[in-house]
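Q: Dropping in structure.txt, with compact mmCIF, C-alpha atoms.
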```txt
# COMPACT_ATOMS: atom_id res chain seq x y z
CA GLN B 1 133.37 167.46 183.35
CA VAL B 2 129.83 167.70 184.65
CA GLN B 3 129.29 170.15 187.49
CA LEU B 4 126.15 171.21 189.33
CA VAL B 5 125.91 174.33 191.49
CA GLU B 6 122.84 174.89 193.63
CA SER B 7 121.46 178.06 195.14
CA GLY B 8 118.32 179.27 196.88
CA GLY B 9 118.16 177.39 200.15
CA GLY B 10 117.44 178.91 203.53
CA LEU B 11 115.08 179.28 206.46
CA VAL B 12 111.35 179.75 205.90
CA GLN B 13 108.25 179.61 208.07
CA ASP B 14 105.59 176.95 207.87
CA GLY B 15 103.46 177.65 204.77
CA GLY B 16 106.16 179.70 203.06
CA SER B 17 107.81 179.33 199.68
CA LEU B 18 111.32 178.93 198.30
CA ARG B 19 112.81 178.48 194.87
CA LEU B 20 115.90 176.37 194.31
CA SER B 21 118.14 176.71 191.28
CA CYS B 22 120.78 174.37 189.93
CA GLU B 23 123.12 175.42 187.16
CA VAL B 24 124.59 172.47 185.29
CA THR B 25 127.78 172.49 183.28
CA THR B 26 127.48 169.76 180.67
CA PRO B 27 127.25 169.49 176.90
CA ASN B 28 123.81 168.79 175.48
CA PHE B 29 122.03 169.77 178.70
CA SER B 30 118.63 169.68 177.01
CA ARG B 31 118.76 165.95 176.24
CA TRP B 32 119.04 164.76 179.85
CA PRO B 33 116.35 164.20 182.46
CA LEU B 34 116.91 166.17 185.65
CA ARG B 35 116.01 165.31 189.21
CA TRP B 36 115.77 166.72 192.70
CA TYR B 37 116.34 164.65 195.82
CA ARG B 38 116.36 165.48 199.50
CA GLN B 39 117.82 163.99 202.64
CA ALA B 40 116.63 164.72 206.16
CA PRO B 41 118.82 163.95 209.18
CA GLU B 42 118.99 160.21 209.89
CA ASN B 43 116.94 159.45 206.74
CA GLN B 44 117.87 158.01 203.39
CA ARG B 45 118.05 160.25 200.34
CA GLU B 46 114.55 160.61 198.93
CA TRP B 47 113.48 161.35 195.35
CA VAL B 48 111.47 164.57 195.00
CA ALA B 49 110.86 165.22 191.31
CA THR B 50 111.98 164.52 187.76
CA ILE B 51 111.70 166.56 184.59
CA THR B 52 112.35 164.89 181.25
CA SER B 53 114.02 166.31 178.17
CA SER B 54 110.54 167.11 176.83
CA ALA B 55 109.62 168.85 180.12
CA GLY B 56 107.33 166.15 181.42
CA ALA B 57 107.33 166.20 185.23
CA THR B 58 106.72 163.61 187.91
CA TYR B 59 106.77 163.99 191.68
CA GLY B 60 107.05 162.03 194.88
CA ASP B 61 103.75 161.29 196.57
CA PHE B 62 104.50 163.63 199.45
CA VAL B 63 104.67 166.65 197.11
CA LYS B 64 100.90 166.70 196.53
CA GLY B 65 100.86 169.66 194.17
CA ARG B 66 103.06 171.89 196.32
CA PHE B 67 106.30 171.75 194.27
CA THR B 68 107.02 172.47 190.62
CA ILE B 69 110.14 171.32 188.79
CA SER B 70 111.19 173.20 185.66
CA ARG B 71 114.16 173.76 183.37
CA ASP B 72 115.64 176.51 181.23
CA ASN B 73 117.70 174.82 178.53
CA ALA B 74 119.05 178.15 177.26
CA LYS B 75 120.66 178.71 180.67
CA ASN B 76 121.52 175.08 181.55
CA THR B 77 119.54 175.52 184.73
CA MET B 78 116.90 173.56 186.58
CA PHE B 79 114.53 174.85 189.26
CA LEU B 80 112.36 173.63 192.09
CA GLN B 81 109.59 175.97 193.18
CA MET B 82 108.35 174.91 196.61
CA ASN B 83 105.12 176.30 198.04
CA SER B 84 103.14 175.52 201.19
CA LEU B 85 106.29 174.27 202.88
CA LYS B 86 105.95 172.20 206.03
CA PRO B 87 108.40 171.45 208.84
CA GLU B 88 108.69 167.88 207.52
CA ASP B 89 110.15 169.32 204.29
CA THR B 90 113.25 170.30 206.26
CA ALA B 91 116.21 168.58 204.57
CA VAL B 92 119.24 169.07 202.39
CA TYR B 93 118.09 169.25 198.77
CA TYR B 94 120.25 167.94 195.93
CA CYS B 95 119.96 168.35 192.19
CA ASN B 96 120.97 165.43 190.01
CA ILE B 97 121.68 164.61 186.40
CA LEU B 98 122.42 161.19 184.93
CA VAL B 99 124.78 161.49 181.97
CA TRP B 100 125.77 158.34 180.05
CA GLY B 101 124.95 156.21 183.09
CA ILE B 102 126.88 158.29 185.59
CA ASP B 103 125.13 160.19 188.39
CA TYR B 104 126.27 163.72 189.11
CA TRP B 105 125.14 165.70 192.15
CA GLY B 106 124.98 169.24 193.34
CA GLN B 107 126.63 170.20 196.60
CA GLY B 108 123.30 170.27 198.42
CA THR B 109 121.42 173.19 199.89
CA GLN B 110 119.75 173.26 203.30
CA ILE B 111 116.04 174.02 203.58
CA THR B 112 114.72 174.57 207.09
CA VAL B 113 111.02 175.09 207.68
CA SER B 114 110.15 176.45 211.10
CA SER B 115 106.81 175.77 212.76
```
Using structure tokens, write down the structure that the file contains.
A:
Amino acid sequence: QVQLVESGGGLVQDGGSLRLSCEVTTPNFSRWPLRWYRQAPENQREWVATITSSAGATYGDFVKGRFTISRDNAKNTMFLQMNSLKPEDTAVYYCNILVWGIDYWGQGTQITVSS
């Protein structure tokens, strides 16, 4: 069974940094693309970033060089380093893996950026 456990959320001031982690329990972790999403109150879930099995990364337009997605295949863990955070980044952040056509999600972690 695929399980994802997130950590690293919290409260940070405008311009601050946070690093999210997501440990994934699944066979063959290294073969799957990994993603981060976020959902602000009263908004739809929004894609943040993807990292492929070969560590190629893509980002939502709003990221603008502030976030970095990465993975450690030896530890079955993915990361999201977030710098220059803004109040509009406040949301619940979710990690995601698609395994054989099935989406699996982390429990979500709250990020709050105060102005």
Q: Please return the centre and edge lengths, in Å to one decimal, of a box with edges along x, y and z that contains all listed atoms of region 54-68 of chain B, widened by 6 Å on every side, as lines of an AutoDock Vina configuration file.
A:
```
center_x = 105.7
center_y = 166.9
center_z = 188.1
size_x = 21.7
size_y = 23.2
size_z = 34.6
```
Q: Find the residue from B:Gly101, B:Gly56, B:Gly16, B:Pro41 that sits nearest to Asn83 (chain B); use all atoms listed in the file when measuring.
A: B:Gly16
Q: Is it possible to get the residues within 12 Å of (128.5, 170.7, 179.4) (coordinates as in the file, counting all atoms listed in the file) written as a short mmCIF file (atom, residue, chain, number, x, y, z; two decimals) with C-alpha atoms, in the coordinates of the input?
A:
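Writing the result to point24.cif gives the following:
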```
data_model
loop_
_atom_site.label_atom_id
_atom_site.label_comp_id
_atom_site.auth_asym_id
_atom_site.auth_seq_id
_atom_site.Cartn_x
_atom_site.Cartn_y
_atom_site.Cartn_z
CA GLN B 1 133.37 167.46 183.35
CA VAL B 2 129.83 167.70 184.65
CA GLN B 3 129.29 170.15 187.49
CA LEU B 4 126.15 171.21 189.33
CA GLU B 23 123.12 175.42 187.16
CA VAL B 24 124.59 172.47 185.29
CA THR B 25 127.78 172.49 183.28
CA THR B 26 127.48 169.76 180.67
CA PRO B 27 127.25 169.49 176.90
CA ASN B 28 123.81 168.79 175.48
CA PHE B 29 122.03 169.77 178.70
CA SER B 30 118.63 169.68 177.01
CA ARG B 31 118.76 165.95 176.24
CA TRP B 32 119.04 164.76 179.85
CA ASN B 73 117.70 174.82 178.53
CA LYS B 75 120.66 178.71 180.67
CA ASN B 76 121.52 175.08 181.55
CA THR B 77 119.54 175.52 184.73
CA ILE B 97 121.68 164.61 186.40
CA VAL B 99 124.78 161.49 181.97
#
```
Q: Please identify all polymer residues within 10 Å of Ser7 (chain B), counting only C-alpha atoms, omitting same-chain residues fewer than 5 positions from it, and present them as an MDAnalysis selection string.
A: chainID B and resid 19:23 79 106:110
Q: Measure the distance from CA of Ser115 (chain B) to CA of Asp14 (chain B) in Å and round it to one decimal.
A: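 Answer for the CA of Ser115 (chain B) to CA of Asp14 (chain B) separation: 5.2 Å.
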Q: Report, in Å to a single decimal, how far apart CA of Gly65 (chain B) and CA of Glu42 (chain B) are.
A: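 Computing it gives 25.8 Å between the two atoms.
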Q: For a cut-off of 9 Å around (109.3, 173.0, 192.3), file coordinates, pick out all residues using all atoms listed in the file and list them as an mmCIF file with C-alpha atoms, keeping the file's coordinate frame.
A:
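Result file is point.cif:
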```
data_model
loop_
_atom_site.group_PDB
_atom_site.id
_atom_site.type_symbol
_atom_site.label_atom_id
_atom_site.label_comp_id
_atom_site.auth_asym_id
_atom_site.auth_seq_id
_atom_site.Cartn_x
_atom_site.Cartn_y
_atom_site.Cartn_z
ATOM 1 C CA LEU B 18 111.320 178.930 198.300
ATOM 2 C CA ARG B 19 112.810 178.480 194.870
ATOM 3 C CA LEU B 20 115.900 176.370 194.310
ATOM 4 C CA ALA B 49 110.860 165.220 191.310
ATOM 5 C CA ARG B 66 103.060 171.890 196.320
ATOM 6 C CA PHE B 67 106.300 171.750 194.270
ATOM 7 C CA THR B 68 107.020 172.470 190.620
ATOM 8 C CA ILE B 69 110.140 171.320 188.790
ATOM 9 C CA SER B 70 111.190 173.200 185.660
ATOM 10 C CA PHE B 79 114.530 174.850 189.260
ATOM 11 C CA LEU B 80 112.360 173.630 192.090
ATOM 12 C CA GLN B 81 109.590 175.970 193.180
ATOM 13 C CA MET B 82 108.350 174.910 196.610
ATOM 14 C CA ASN B 83 105.120 176.300 198.040
#
```
Q: Given the choices B:Leu85, B:Ile111, B:Val63, B:Leu34, which gets closest to Val48 (chain B) if the distance is worked out from only C-alpha atoms?
A: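 Comparing B:Leu85, B:Ile111, B:Val63, B:Leu34 against Val48 (chain B), the winner is B:Val63.
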Q: Work out how far CA of Thr50 (chain B) is from CA of Pro33 (chain B), in Å to one decimal.
A: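 Atom-to-atom, CA of Pro33 (chain B) to CA of Thr50 (chain B), that is 6.9 Å.
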Q: Between B:Ala91, B:Val12, B:Asp72, B:Val113, which has the minimum distance to Gln44 (chain B) (counting only C-alpha atoms)?
A: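 Among the listed residues, B:Ala91 lies closest to Gln44 (chain B).
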Q: I'd like the neighbourhood of Glu46 (chain B) as a list in words, where a residue qualifies if any of its atoms comes within 8 Å (using all atoms listed in the file), though same-chain residues fewer than 5 positions away should be ignored.
A: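 The contact residues come out as Tyr37, Arg38 and Gln39 of chain B.
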Q: Keeping only C-alpha atoms, write the selected residues to a file as a PDB file, keeping the file's coordinate frame.
A:
```pdb
ATOM      1  CA  TYR B  37     116.340 164.650 195.820  1.00  0.00           C
ATOM      2  CA  ARG B  38     116.360 165.480 199.500  1.00  0.00           C
ATOM      3  CA  GLN B  39     117.820 163.990 202.640  1.00  0.00           C
TER       4      GLN B  39
END
```
Q: My list of candidates is B:Ser114, B:Ser53, B:Gln13, B:Ser84. Which is closest to Leu98 (chain B) when distances are computed with only C-alpha atoms?
A: B:Ser53
